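input19.txt (compact mmCIF, C-alpha atoms) appears below.
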```txt
# COMPACT_ATOMS: atom_id res chain seq x y z
CA MET A 1 -46.14 -70.75 -148.55
CA SER A 2 -43.25 -70.30 -146.18
CA ALA A 3 -43.52 -70.34 -142.36
CA VAL A 4 -42.25 -67.30 -140.55
CA SER A 5 -40.94 -67.80 -137.00
CA GLN A 6 -39.62 -65.28 -134.63
CA SER A 7 -37.65 -66.19 -131.46
CA LEU A 8 -38.19 -64.37 -128.18
CA SER A 9 -35.61 -61.97 -127.01
CA ARG A 10 -33.81 -62.62 -123.72
CA TRP A 11 -35.89 -60.11 -121.72
CA GLN A 12 -39.15 -61.36 -123.21
CA ALA A 13 -38.25 -64.91 -122.16
CA VAL A 14 -37.47 -63.76 -118.64
CA LEU A 15 -40.74 -61.82 -118.42
CA LEU A 16 -42.72 -64.82 -119.70
CA GLY A 17 -41.04 -67.07 -117.11
CA LEU A 18 -41.94 -64.68 -114.28
CA VAL A 19 -45.57 -64.60 -115.45
CA VAL A 20 -45.72 -68.41 -115.46
CA VAL A 21 -44.10 -68.66 -112.00
CA ALA A 22 -46.53 -66.06 -110.59
CA ALA A 23 -49.52 -67.91 -112.07
CA VAL A 24 -48.37 -71.20 -110.57
CA GLY A 25 -47.76 -69.52 -107.19
CA LEU A 26 -51.20 -67.92 -107.15
CA THR A 27 -52.80 -71.24 -108.08
CA ALA A 28 -50.95 -73.01 -105.26
CA LEU A 29 -51.93 -70.27 -102.81
CA GLY A 30 -55.56 -70.58 -103.85
CA LEU A 31 -55.47 -74.33 -103.37
CA VAL A 32 -53.95 -73.89 -99.90
CA ARG A 33 -56.61 -71.33 -98.94
CA ILE A 34 -59.42 -73.55 -100.22
CA GLY A 35 -57.92 -76.59 -98.49
CA GLY A 36 -57.59 -74.62 -95.25
CA LYS A 37 -61.23 -73.62 -95.37
CA GLN A 38 -62.28 -77.19 -96.09
CA GLY A 39 -60.03 -78.52 -93.28
CA LEU A 40 -57.86 -80.53 -95.72
CA TRP A 41 -54.60 -79.40 -94.14
CA ALA A 42 -55.78 -79.07 -90.53
CA ASP A 43 -54.98 -81.56 -87.79
CA THR A 44 -58.04 -83.70 -87.15
CA VAL A 45 -59.16 -86.41 -84.74
CA GLU A 46 -61.72 -89.14 -85.30
CA VAL A 47 -64.82 -89.65 -83.17
CA THR A 48 -67.63 -92.18 -83.55
CA ALA A 49 -71.29 -92.50 -82.66
CA ARG A 50 -73.66 -95.46 -83.07
CA PHE A 51 -77.23 -94.77 -84.29
CA PRO A 52 -80.09 -97.23 -84.82
CA ASP A 53 -80.61 -95.70 -88.28
CA ALA A 54 -78.35 -93.78 -90.64
CA HIS A 55 -81.08 -91.17 -91.34
CA ASP A 56 -79.86 -90.64 -94.96
CA LEU A 57 -76.41 -89.57 -93.71
CA THR A 58 -73.52 -89.86 -96.16
CA PRO A 59 -69.79 -89.12 -96.06
CA GLY A 60 -69.33 -85.37 -96.16
CA THR A 61 -72.30 -84.59 -93.89
CA PRO A 62 -71.28 -81.57 -91.76
CA VAL A 63 -70.51 -82.01 -88.06
CA ARG A 64 -71.18 -79.05 -85.76
CA ILE A 65 -70.28 -78.48 -82.11
CA ARG A 66 -72.62 -75.99 -80.43
CA GLY A 67 -73.66 -74.95 -83.95
CA VAL A 68 -70.06 -74.24 -85.09
CA ASP A 69 -68.72 -76.16 -88.10
CA ALA A 70 -66.09 -78.53 -86.71
CA GLY A 71 -65.75 -81.42 -89.18
CA HIS A 72 -67.62 -83.91 -91.34
CA VAL A 73 -68.70 -87.54 -91.62
CA VAL A 74 -66.06 -89.73 -93.28
CA ALA A 75 -67.78 -93.13 -93.18
CA VAL A 76 -71.14 -94.79 -92.50
CA GLU A 77 -70.59 -98.41 -91.44
CA TYR A 78 -73.39 -100.98 -91.52
CA PRO A 79 -73.60 -103.19 -88.38
CA ASP A 80 -72.03 -106.66 -88.37
CA ASP A 81 -75.36 -108.23 -87.45
CA ASP A 82 -79.04 -107.26 -87.41
CA GLY A 83 -79.89 -108.11 -83.81
CA PRO A 84 -82.07 -105.97 -81.52
CA THR A 85 -79.08 -103.86 -80.45
CA ALA A 86 -77.62 -103.43 -83.94
CA ALA A 87 -76.53 -99.90 -84.81
CA VAL A 88 -74.95 -97.99 -87.68
CA THR A 89 -71.52 -96.57 -86.82
CA LEU A 90 -70.80 -93.02 -87.99
CA ARG A 91 -67.13 -92.12 -88.24
CA MET A 92 -66.45 -88.40 -88.12
CA THR A 93 -63.33 -86.25 -88.21
CA ILE A 94 -63.30 -83.00 -86.30
CA ASP A 95 -60.74 -80.24 -86.03
CA ALA A 96 -58.15 -81.14 -83.38
CA LYS A 97 -58.72 -77.83 -81.60
CA PHE A 98 -62.17 -79.12 -80.55
CA ALA A 99 -60.96 -82.51 -79.30
CA HIS A 100 -60.18 -81.39 -75.76
CA ARG A 101 -63.59 -79.67 -75.55
CA LEU A 102 -65.51 -82.97 -75.76
CA TYR A 103 -66.27 -84.69 -72.45
CA ALA A 104 -67.47 -88.12 -71.31
CA ASP A 105 -71.17 -87.13 -71.46
CA ALA A 106 -70.98 -85.52 -74.92
CA ILE A 107 -74.05 -86.25 -77.09
CA ALA A 108 -74.39 -86.55 -80.88
CA GLN A 109 -77.76 -86.12 -82.57
CA VAL A 110 -78.95 -85.94 -86.18
CA HIS A 111 -80.66 -82.65 -87.00
CA ALA A 112 -82.51 -81.53 -90.12
CA THR A 113 -81.72 -78.02 -91.39
CA GLY A 114 -83.45 -75.86 -93.94
CA LEU A 115 -86.64 -76.41 -95.91
CA LEU A 116 -85.08 -79.20 -97.98
CA GLY A 117 -84.33 -81.28 -94.90
CA SER A 118 -80.54 -81.50 -95.28
CA LYS A 119 -78.92 -83.27 -92.32
CA VAL A 120 -76.10 -82.34 -89.93
CA ILE A 121 -74.59 -84.05 -86.92
CA SER A 122 -75.03 -81.77 -83.88
CA ILE A 123 -72.70 -82.43 -80.94
CA GLN A 124 -73.26 -81.07 -77.42
CA PRO A 125 -69.80 -81.21 -75.74
CA GLY A 126 -71.03 -82.10 -72.24
CA ASP A 127 -69.88 -81.09 -68.76
CA PRO A 128 -66.14 -80.75 -67.91
CA ALA A 129 -66.90 -82.35 -64.55
CA ALA A 130 -67.67 -85.64 -66.37
CA GLY A 131 -64.03 -86.00 -67.44
CA PRO A 132 -62.44 -86.52 -70.87
CA LEU A 133 -64.21 -88.39 -73.70
CA PRO A 134 -63.12 -92.07 -73.61
CA ASP A 135 -61.87 -93.53 -76.93
CA GLY A 136 -63.62 -90.82 -78.94
CA ARG A 137 -67.02 -92.52 -78.54
CA LEU A 138 -69.98 -90.13 -78.41
CA THR A 139 -73.35 -91.03 -76.94
CA ALA A 140 -76.00 -91.01 -79.68
CA LYS A 141 -79.28 -89.30 -78.82
CA PRO A 142 -82.40 -90.47 -80.69
CA THR A 143 -83.47 -88.17 -83.49
CA PRO A 144 -86.92 -86.61 -83.00
CA ASP A 145 -89.48 -88.42 -85.12
CA LEU A 146 -91.47 -85.62 -86.78
CA ALA A 147 -93.99 -88.08 -88.18
CA GLN A 148 -94.82 -89.42 -84.72
CA ALA A 149 -95.06 -85.89 -83.33
CA ALA A 150 -97.41 -84.88 -86.13
CA ALA A 151 -99.50 -88.01 -85.50
CA LYS A 152 -99.80 -87.15 -81.81
CA ILE A 153 -100.88 -83.62 -82.67
CA GLY A 154 -103.50 -85.05 -85.03
CA VAL A 155 -104.85 -87.38 -82.34
CA ALA A 156 -105.04 -84.50 -79.87
CA ALA A 157 -106.92 -82.38 -82.42
CA ASP A 158 -109.40 -85.21 -83.00
CA GLU A 159 -109.97 -85.53 -79.26
CA VAL A 160 -110.62 -81.79 -78.92
CA THR A 161 -113.07 -81.94 -81.83
CA GLN A 162 -114.91 -84.85 -80.25
CA LEU A 163 -115.00 -83.05 -76.90
CA VAL A 164 -116.59 -79.97 -78.47
CA HIS A 165 -119.12 -82.17 -80.29
CA ASP A 166 -120.04 -84.02 -77.09
CA ALA A 167 -120.42 -80.72 -75.25
CA ARG A 168 -122.86 -79.47 -77.85
CA THR A 169 -124.95 -82.59 -78.41
CA GLY A 170 -124.35 -84.96 -75.49
CA ASP A 171 -126.00 -85.40 -72.09
CA GLY A 172 -122.85 -85.30 -69.96
CA THR A 173 -121.99 -82.88 -67.17
CA LEU A 174 -120.27 -80.42 -69.47
CA ALA A 175 -123.21 -80.36 -71.89
CA LYS A 176 -125.64 -79.81 -69.03
CA LEU A 177 -123.50 -77.00 -67.70
CA LEU A 178 -123.59 -75.28 -71.07
CA ARG A 179 -127.38 -75.66 -71.59
CA ASP A 180 -129.00 -75.77 -68.13
CA ASP A 181 -129.83 -72.28 -66.75
CA LYS A 182 -130.83 -73.78 -63.40
CA LEU A 183 -127.41 -75.30 -62.97
CA TYR A 184 -125.90 -71.91 -63.79
CA SER A 185 -128.04 -70.30 -61.07
CA GLU A 186 -126.96 -72.92 -58.55
CA ILE A 187 -123.31 -72.30 -59.34
CA THR A 188 -123.88 -68.54 -58.99
CA GLY A 189 -125.47 -69.09 -55.55
CA LEU A 190 -122.55 -71.30 -54.56
CA ALA A 191 -120.16 -68.49 -55.52
CA LYS A 192 -122.09 -66.06 -53.29
CA ASP A 193 -121.93 -68.52 -50.40
CA SER A 194 -118.20 -68.85 -50.96
CA ARG A 195 -117.76 -65.09 -50.79
CA GLY A 196 -119.68 -65.06 -47.51
CA MET A 197 -117.48 -67.80 -46.14
CA VAL A 198 -114.38 -65.85 -47.16
CA LYS A 199 -115.71 -62.78 -45.34
CA ARG A 200 -116.31 -64.79 -42.19
CA ALA A 201 -112.83 -66.22 -42.51
CA GLY A 202 -111.48 -62.67 -42.76
CA ASP A 203 -113.29 -61.73 -39.54
CA ALA A 204 -111.77 -64.79 -37.88
CA VAL A 205 -108.32 -63.69 -39.04
CA GLY A 206 -108.93 -60.31 -37.43
CA VAL A 207 -109.68 -62.03 -34.12
CA VAL A 208 -106.50 -64.09 -34.44
CA GLU A 209 -104.47 -60.96 -35.21
CA LYS A 210 -105.83 -59.34 -32.04
CA LYS A 211 -104.80 -62.40 -30.07
CA ALA A 212 -101.38 -62.19 -31.71
CA ASP A 213 -101.09 -58.58 -30.50
CA ASP A 214 -101.83 -59.82 -26.99
CA VAL A 215 -99.10 -62.43 -27.37
CA ASP A 216 -96.68 -59.75 -28.57
CA GLN A 217 -97.42 -57.70 -25.45
CA PHE A 218 -96.84 -60.79 -23.34
CA VAL A 219 -93.47 -61.35 -25.01
CA LYS A 220 -92.57 -57.70 -24.49
CA ASP A 221 -93.36 -57.98 -20.80
CA GLY A 222 -91.26 -61.14 -20.68
CA ARG A 223 -88.33 -59.32 -22.25
CA GLU A 224 -88.57 -56.59 -19.66
CA THR A 225 -88.48 -59.26 -16.96
CA LEU A 226 -85.44 -60.88 -18.56
CA ARG A 227 -83.74 -57.49 -18.80
CA SER A 228 -84.23 -57.01 -15.07
CA VAL A 229 -82.86 -60.47 -14.39
CA LYS A 230 -79.85 -59.69 -16.58
CA GLN A 231 -79.17 -56.50 -14.67
CA GLY A 232 -79.13 -58.53 -11.48
CA THR A 233 -76.81 -61.06 -13.09
CA ASP A 234 -74.46 -58.29 -14.24
CA ALA A 235 -74.34 -56.99 -10.70
CA VAL A 236 -73.42 -60.45 -9.40
CA GLN A 237 -70.73 -60.83 -12.05
CA GLY A 238 -69.17 -57.58 -10.89
CA LEU A 239 -68.47 -58.93 -7.38
CA PRO A 240 -64.69 -59.27 -6.79
CA LEU A 241 -64.82 -63.01 -5.99
CA ILE A 242 -66.97 -63.90 -9.00
CA ARG A 243 -65.94 -61.68 -11.92
CA GLY A 244 -62.71 -63.62 -12.43
CA TYR A 245 -64.68 -66.75 -13.27
CA VAL A 246 -67.39 -65.24 -15.50
CA THR A 247 -66.80 -63.97 -19.04
CA ASP A 248 -69.26 -61.40 -20.38
CA ALA A 249 -69.13 -61.72 -24.17
CA ALA A 250 -71.09 -58.52 -24.72
CA LYS A 251 -68.72 -56.40 -22.62
CA LEU A 252 -65.72 -57.96 -24.35
CA LEU A 253 -66.98 -57.53 -27.90
CA VAL A 254 -69.17 -54.40 -27.68
CA ARG A 255 -66.92 -51.39 -27.10
CA PRO A 256 -68.41 -48.18 -28.47
CA ASP A 257 -65.39 -46.16 -27.28
CA CYS A 258 -62.86 -48.11 -29.36
CA ARG A 259 -61.93 -48.51 -32.96
CA LYS A 260 -61.51 -52.15 -33.95
CA GLN A 261 -59.99 -54.44 -36.51
CA VAL A 262 -61.67 -57.82 -37.08
CA LEU A 263 -60.13 -60.88 -38.71
CA SER A 264 -62.42 -63.89 -39.23
CA TYR A 265 -61.48 -67.50 -40.02
CA ASN A 266 -63.59 -70.46 -41.02
CA VAL A 267 -63.23 -73.11 -38.31
CA VAL A 268 -62.47 -75.80 -40.93
CA ASP A 269 -59.43 -73.74 -42.01
CA LEU A 270 -57.96 -73.89 -38.49
CA PHE A 271 -59.11 -77.05 -36.68
CA GLU A 272 -59.74 -80.70 -37.29
CA PRO A 273 -63.53 -81.36 -37.53
CA SER A 274 -65.43 -80.89 -34.22
CA THR A 275 -62.18 -80.48 -32.24
CA ALA A 276 -59.87 -77.82 -30.82
CA ILE A 277 -56.82 -79.45 -32.50
CA LEU A 278 -55.05 -77.14 -34.95
CA THR A 279 -54.24 -78.45 -38.44
CA GLU A 280 -51.00 -77.63 -40.25
CA ASP A 281 -52.85 -75.11 -42.42
CA GLY A 282 -54.41 -73.64 -39.28
CA GLN A 283 -50.98 -73.22 -37.68
CA GLY A 284 -49.79 -71.49 -40.86
CA HIS A 285 -52.72 -69.04 -40.74
CA LEU A 286 -52.10 -68.23 -37.08
CA THR A 287 -48.33 -67.87 -37.57
CA ARG A 288 -48.92 -65.18 -40.17
CA LEU A 289 -51.49 -63.57 -37.87
CA ALA A 290 -48.99 -63.52 -35.00
CA GLU A 291 -46.41 -61.81 -37.22
CA MET A 292 -48.96 -59.20 -38.30
CA ILE A 293 -50.03 -58.41 -34.73
CA ARG A 294 -46.43 -58.32 -33.51
CA GLY A 295 -45.67 -55.68 -36.16
CA MET A 296 -48.39 -53.31 -34.86
CA LYS A 297 -47.24 -50.18 -33.09
CA ALA A 298 -50.42 -49.75 -31.02
CA ASP A 299 -49.18 -51.12 -27.67
CA LYS A 300 -52.43 -50.32 -25.85
CA ALA A 301 -54.62 -52.30 -28.27
CA GLU A 302 -56.47 -55.18 -26.59
CA LEU A 303 -57.13 -58.50 -28.28
CA VAL A 304 -60.20 -60.73 -27.99
CA VAL A 305 -60.50 -64.18 -29.58
CA ALA A 306 -64.13 -65.32 -30.00
CA ALA A 307 -65.30 -68.66 -31.43
CA LEU A 308 -68.84 -69.54 -32.54
CA CYS A 309 -70.31 -72.94 -33.54
CA ASP A 310 -72.90 -73.51 -36.27
CA PRO A 311 -76.34 -73.38 -34.57
CA ALA A 312 -77.56 -76.07 -37.01
CA ALA A 313 -74.73 -78.53 -36.24
CA LYS A 314 -76.38 -81.88 -35.51
CA ASP A 315 -73.34 -83.29 -33.69
CA GLN A 316 -73.37 -80.57 -30.99
CA THR A 317 -75.63 -79.68 -28.10
CA ALA A 318 -75.76 -76.23 -26.57
CA SER A 319 -73.48 -77.36 -23.73
CA SER A 320 -70.94 -79.16 -25.92
CA ALA A 321 -70.86 -76.24 -28.39
CA GLY A 322 -70.13 -73.86 -25.51
CA GLU A 323 -67.22 -75.99 -24.29
CA LEU A 324 -65.90 -76.58 -27.84
CA THR A 325 -65.87 -72.88 -28.77
CA ARG A 326 -64.31 -71.89 -25.43
CA LYS A 327 -61.46 -74.36 -26.00
CA GLN A 328 -60.99 -73.31 -29.63
CA ALA A 329 -60.70 -69.65 -28.63
CA GLU A 330 -58.19 -70.53 -25.87
CA VAL A 331 -56.08 -72.64 -28.27
CA VAL A 332 -55.88 -69.74 -30.76
CA LEU A 333 -54.93 -67.32 -28.00
CA GLU A 334 -52.24 -69.63 -26.58
CA PHE A 335 -50.80 -70.16 -30.08
CA LEU A 336 -50.54 -66.39 -30.61
CA ARG A 337 -48.93 -65.99 -27.18
CA ALA A 338 -46.43 -68.81 -27.83
CA HIS A 339 -45.43 -67.22 -31.15
CA LYS A 340 -44.93 -63.79 -29.52
CA GLY A 341 -47.96 -62.35 -31.23
CA LEU A 342 -48.96 -60.55 -28.00
CA ARG A 343 -45.56 -59.09 -27.15
CA THR A 344 -45.34 -55.29 -27.13
CA GLY A 345 -41.88 -55.03 -25.59
CA TRP A 346 -39.17 -56.98 -23.83
CA PHE A 347 -41.20 -57.36 -20.69
CA SER A 348 -44.74 -56.34 -21.70
CA SER A 349 -47.64 -57.93 -23.56
CA ARG A 350 -50.99 -56.65 -24.74
CA LYS A 351 -54.13 -57.64 -22.85
CA ALA A 352 -55.87 -60.62 -24.47
CA THR A 353 -59.02 -62.63 -23.69
CA ALA A 354 -60.60 -65.76 -25.17
CA VAL A 355 -64.38 -66.27 -25.20
CA GLY A 356 -66.53 -69.13 -26.48
CA LEU A 357 -69.90 -68.06 -27.88
CA GLY A 358 -71.31 -71.59 -28.18
CA GLN A 359 -74.04 -71.64 -30.82
CA GLY A 360 -74.50 -67.88 -30.53
CA PRO A 361 -75.88 -65.47 -31.18
CA HIS A 362 -72.93 -63.07 -31.57
CA PRO A 363 -73.50 -59.89 -29.54
CA VAL A 364 -72.40 -57.72 -32.48
CA VAL A 365 -74.18 -57.44 -35.83
CA GLN A 366 -71.77 -58.65 -38.53
CA ASP A 367 -71.32 -56.42 -41.59
CA ASP A 368 -69.98 -59.20 -43.82
CA PRO A 369 -71.38 -62.72 -44.31
CA LEU A 370 -69.57 -65.31 -42.19
CA PRO A 371 -69.35 -69.12 -42.34
CA PRO A 372 -71.63 -71.10 -39.97
CA SER A 373 -68.73 -71.86 -37.58
CA TYR A 374 -65.94 -69.30 -37.29
CA VAL A 375 -63.21 -67.81 -35.11
CA GLN A 376 -62.79 -64.05 -34.83
CA VAL A 377 -59.69 -62.19 -33.67
CA VAL A 378 -60.69 -58.65 -32.72
CA LEU A 379 -58.21 -55.88 -31.90
CA PHE A 380 -59.65 -52.91 -29.98
CA PHE A 381 -57.85 -49.58 -30.10
CA PRO A 382 -58.82 -47.27 -27.18
CA GLN A 383 -59.50 -43.67 -28.16
```

Let me see the file written as structure tokens.
Amino acid sequence: MSAVSQSLSRWQAVLLGLVVVAAVGLTALGLVRIGGKQGLWADTVEVTARFPDAHDLTPGTPVRIRGVDAGHVVAVEYPDDDGPTAAVTLRMTIDAKFAHRLYADAIAQVHATGLLGSKVISIQPGDPAAGPLPDGRLTAKPTPDLAQAAAKIGVAADEVTQLVHDARTGDGTLAKLLRDDKLYSEITGLAKDSRGMVKRAGDAVGVVEKKADDVDQFVKDGRETLRSVKQGTDAVQGLPLIRGYVTDAAKLLVRPDCRKQVLSYNVVDLFEPSTAILTEDGQGHLTRLAEMIRGMKADKAELVVAALCDPAAKDQTASSAGELTRKQAEVVLEFLRAHKGLRTGWFSSRKATAVGLGQGPHPVVQDDPLPPSYVQVVLFFPQ
């Protein structure tokens, strides 16, 4: 028998070579894709956690951060000694993109998943405020012991069963309550007495409410008296020799015939604590304010600077708060004047007044929430 051989033509050889190259390329691409999914080619970092027991963990056990697959266990190391503090060290690799998301209070815990009880390492990353994770060491949280939990449930069930049995057959208070009709009648009578007591209490509340109405009327009369006194005070303040020394905050800040523009500042952004001394940041704020006011075209606009102190400030009395806010308002006004914030022309300036409101209240209802201590610069535009 003779063997018959046939050589490939040139084009057939080329085609066969291309097929082989394509097959090798597809195989390599598949390996790269599989390796990428398994994290074989990804940058990883190592973290560790020490557990009292390995809990059947083995290399390859998944590691999840907030339930997201992030790596796997690479080694389970037995402790060097078996003392009371001995612990198994788990070495894990996680994707490098998660490394900066683990913080100093990060916690690792062994969780069981599925009906077959397969294990995973669950990591809670912690709070960014705790700072970065030192040396890649996670705090291990004890794994819930399902057997102990089940035992506790069993004990509780036994106790409930015994309680029901004692209630049915025993001579204790609960058993008597369940079987003694006389005791039931006594409890029913007690409930009726309680309802009567509640009714009498309601009548007493009505009497108190009437007395409260009387107190309200008394307060109303007192307000009327105070209003009369205030009218007399206003008249005194209007005298030529006195009005220059008395500042009426309400008249300065309540102007129904004017439009207004209000700028409010937190006192801590302008002054050193509990002082009328401007900080560098405060001077910067007021410099920009002076430039803004100087650029206004409304020459007839009047300016009022009002300062108010936190009513709950424990380091101030009513008198000291009044003096502090008066000085703070004057310092702001003098700063604006020194930086030409009040100039309206070569030889003219807009009218400006400073007023300290002490611990308040402010004579005007504020539309927006304000800090406890603040300074207001109010521009009034006459209409």

Worksheet entry | Exercise: A:Asp257 partners within 12 Å, all atoms listed in the file, chain neighbours under 3 positions left out, as a PyMOL selection string | chain A and resi 251+253-254+260+380-383

Around all the atoms of stretch 89-94 of chain A listed in the file, draw an axis-aligned box and extend it by 5 Å on each of the six sides; I want its centre and edge lengths in Å to one decimal, as lines of an AutoDock Vina configuration file.
```
center_x = -67.4
center_y = -89.8
center_z = -87.3
size_x = 18.2
size_y = 23.6
size_z = 11.9
```

Practice prompt. Kindly indicate which residue among A:Ala250, A:Leu90, A:Leu278, A:Leu289 lies nearest to A:Gly356, using all atoms listed in the file for the distances.
Written response: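 Closest to A:Gly356, using all atoms listed in the file: A:Ala250.
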
Practice prompt. Please provide as a ChimeraX atom specification all residues within 12 Å of A:Pro125, with the sequence filter that same-chain residues fewer than 3 positions apart are discarded (counting only C-alpha atoms).
Written response: /A:64-68,70,98-109,122,128-133,136-139

Worksheet item: How many Å lie between atom CA of A:Glu323 and atom CA of A:Arg343, rounded to one decimal?
Response: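 Taking atom CA of A:Glu323 and atom CA of A:Arg343, their separation equals 27.6 Å.
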
Worksheet item: How would you write as a PyMOL selection string the residues that get within 9 Å of (-63.4, -59.0, -34.6) in the file's frame, counting all atoms listed in the file?
Response: chain A and resi 253+260-264+303-306+375-380

Atoms added to stretch 352-371 of chain A (N, CA and C atoms), reported as a PDB file, in the coordinates of the input:
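This is the output file out.pdb:
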```pdb
ATOM      1  N   ALA A 352     -55.177 -59.731 -23.539  1.00  0.00           N
ATOM      2  CA  ALA A 352     -55.870 -60.620 -24.470  1.00  0.00           C
ATOM      3  C   ALA A 352     -56.819 -61.528 -23.706  1.00  0.00           C
ATOM      4  N   THR A 353     -57.985 -61.798 -24.314  1.00  0.00           N
ATOM      5  CA  THR A 353     -59.020 -62.630 -23.690  1.00  0.00           C
ATOM      6  C   THR A 353     -59.602 -63.576 -24.721  1.00  0.00           C
ATOM      7  N   ALA A 354     -59.934 -64.789 -24.316  1.00  0.00           N
ATOM      8  CA  ALA A 354     -60.600 -65.760 -25.170  1.00  0.00           C
ATOM      9  C   ALA A 354     -62.023 -65.974 -24.664  1.00  0.00           C
ATOM     10  N   VAL A 355     -62.986 -66.075 -25.586  1.00  0.00           N
ATOM     11  CA  VAL A 355     -64.380 -66.270 -25.200  1.00  0.00           C
ATOM     12  C   VAL A 355     -65.042 -67.234 -26.189  1.00  0.00           C
ATOM     13  N   GLY A 356     -65.759 -68.214 -25.653  1.00  0.00           N
ATOM     14  CA  GLY A 356     -66.530 -69.130 -26.480  1.00  0.00           C
ATOM     15  C   GLY A 356     -67.983 -68.711 -26.517  1.00  0.00           C
ATOM     16  N   LEU A 357     -68.523 -68.527 -27.718  1.00  0.00           N
ATOM     17  CA  LEU A 357     -69.900 -68.060 -27.880  1.00  0.00           C
ATOM     18  C   LEU A 357     -70.893 -69.214 -28.068  1.00  0.00           C
ATOM     19  N   GLY A 358     -70.405 -70.466 -27.993  1.00  0.00           N
ATOM     20  CA  GLY A 358     -71.310 -71.590 -28.180  1.00  0.00           C
ATOM     21  C   GLY A 358     -71.975 -71.532 -29.536  1.00  0.00           C
ATOM     22  N   GLN A 359     -73.282 -71.725 -29.564  1.00  0.00           N
ATOM     23  CA  GLN A 359     -74.040 -71.640 -30.820  1.00  0.00           C
ATOM     24  C   GLN A 359     -74.640 -70.247 -31.035  1.00  0.00           C
ATOM     25  N   GLY A 360     -74.117 -69.272 -30.312  1.00  0.00           N
ATOM     26  CA  GLY A 360     -74.500 -67.880 -30.530  1.00  0.00           C
ATOM     27  C   GLY A 360     -75.772 -67.500 -29.776  1.00  0.00           C
ATOM     28  N   PRO A 361     -76.316 -66.335 -30.089  1.00  0.00           N
ATOM     29  CA  PRO A 361     -75.880 -65.470 -31.180  1.00  0.00           C
ATOM     30  C   PRO A 361     -74.672 -64.609 -30.795  1.00  0.00           C
ATOM     31  N   HIS A 362     -74.024 -64.011 -31.793  1.00  0.00           N
ATOM     32  CA  HIS A 362     -72.930 -63.070 -31.570  1.00  0.00           C
ATOM     33  C   HIS A 362     -73.520 -61.762 -31.067  1.00  0.00           C
ATOM     34  N   PRO A 363     -72.919 -61.140 -30.070  1.00  0.00           N
ATOM     35  CA  PRO A 363     -73.500 -59.890 -29.540  1.00  0.00           C
ATOM     36  C   PRO A 363     -73.377 -58.701 -30.477  1.00  0.00           C
ATOM     37  N   VAL A 364     -72.609 -58.839 -31.559  1.00  0.00           N
ATOM     38  CA  VAL A 364     -72.400 -57.720 -32.480  1.00  0.00           C
ATOM     39  C   VAL A 364     -72.954 -58.110 -33.848  1.00  0.00           C
ATOM     40  N   VAL A 365     -73.688 -57.213 -34.470  1.00  0.00           N
ATOM     41  CA  VAL A 365     -74.180 -57.440 -35.830  1.00  0.00           C
ATOM     42  C   VAL A 365     -72.984 -57.448 -36.780  1.00  0.00           C
ATOM     43  N   GLN A 366     -72.899 -58.510 -37.620  1.00  0.00           N
ATOM     44  CA  GLN A 366     -71.770 -58.650 -38.530  1.00  0.00           C
ATOM     45  C   GLN A 366     -72.072 -57.965 -39.857  1.00  0.00           C
ATOM     46  N   ASP A 367     -71.133 -57.133 -40.324  1.00  0.00           N
ATOM     47  CA  ASP A 367     -71.320 -56.420 -41.590  1.00  0.00           C
ATOM     48  C   ASP A 367     -71.174 -57.340 -42.788  1.00  0.00           C
ATOM     49  N   ASP A 368     -70.250 -58.303 -42.697  1.00  0.00           N
ATOM     50  CA  ASP A 368     -69.980 -59.200 -43.820  1.00  0.00           C
ATOM     51  C   ASP A 368     -70.517 -60.584 -43.513  1.00  0.00           C
ATOM     52  N   PRO A 369     -70.930 -61.337 -44.546  1.00  0.00           N
ATOM     53  CA  PRO A 369     -71.380 -62.720 -44.310  1.00  0.00           C
ATOM     54  C   PRO A 369     -70.251 -63.585 -43.791  1.00  0.00           C
ATOM     55  N   LEU A 370     -70.570 -64.447 -42.816  1.00  0.00           N
ATOM     56  CA  LEU A 370     -69.570 -65.310 -42.190  1.00  0.00           C
ATOM     57  C   LEU A 370     -69.973 -66.761 -42.352  1.00  0.00           C
ATOM     58  N   PRO A 371     -69.001 -67.692 -42.286  1.00  0.00           N
ATOM     59  CA  PRO A 371     -69.350 -69.120 -42.340  1.00  0.00           C
ATOM     60  C   PRO A 371     -70.142 -69.532 -41.103  1.00  0.00           C
TER      61      PRO A 371
END
```
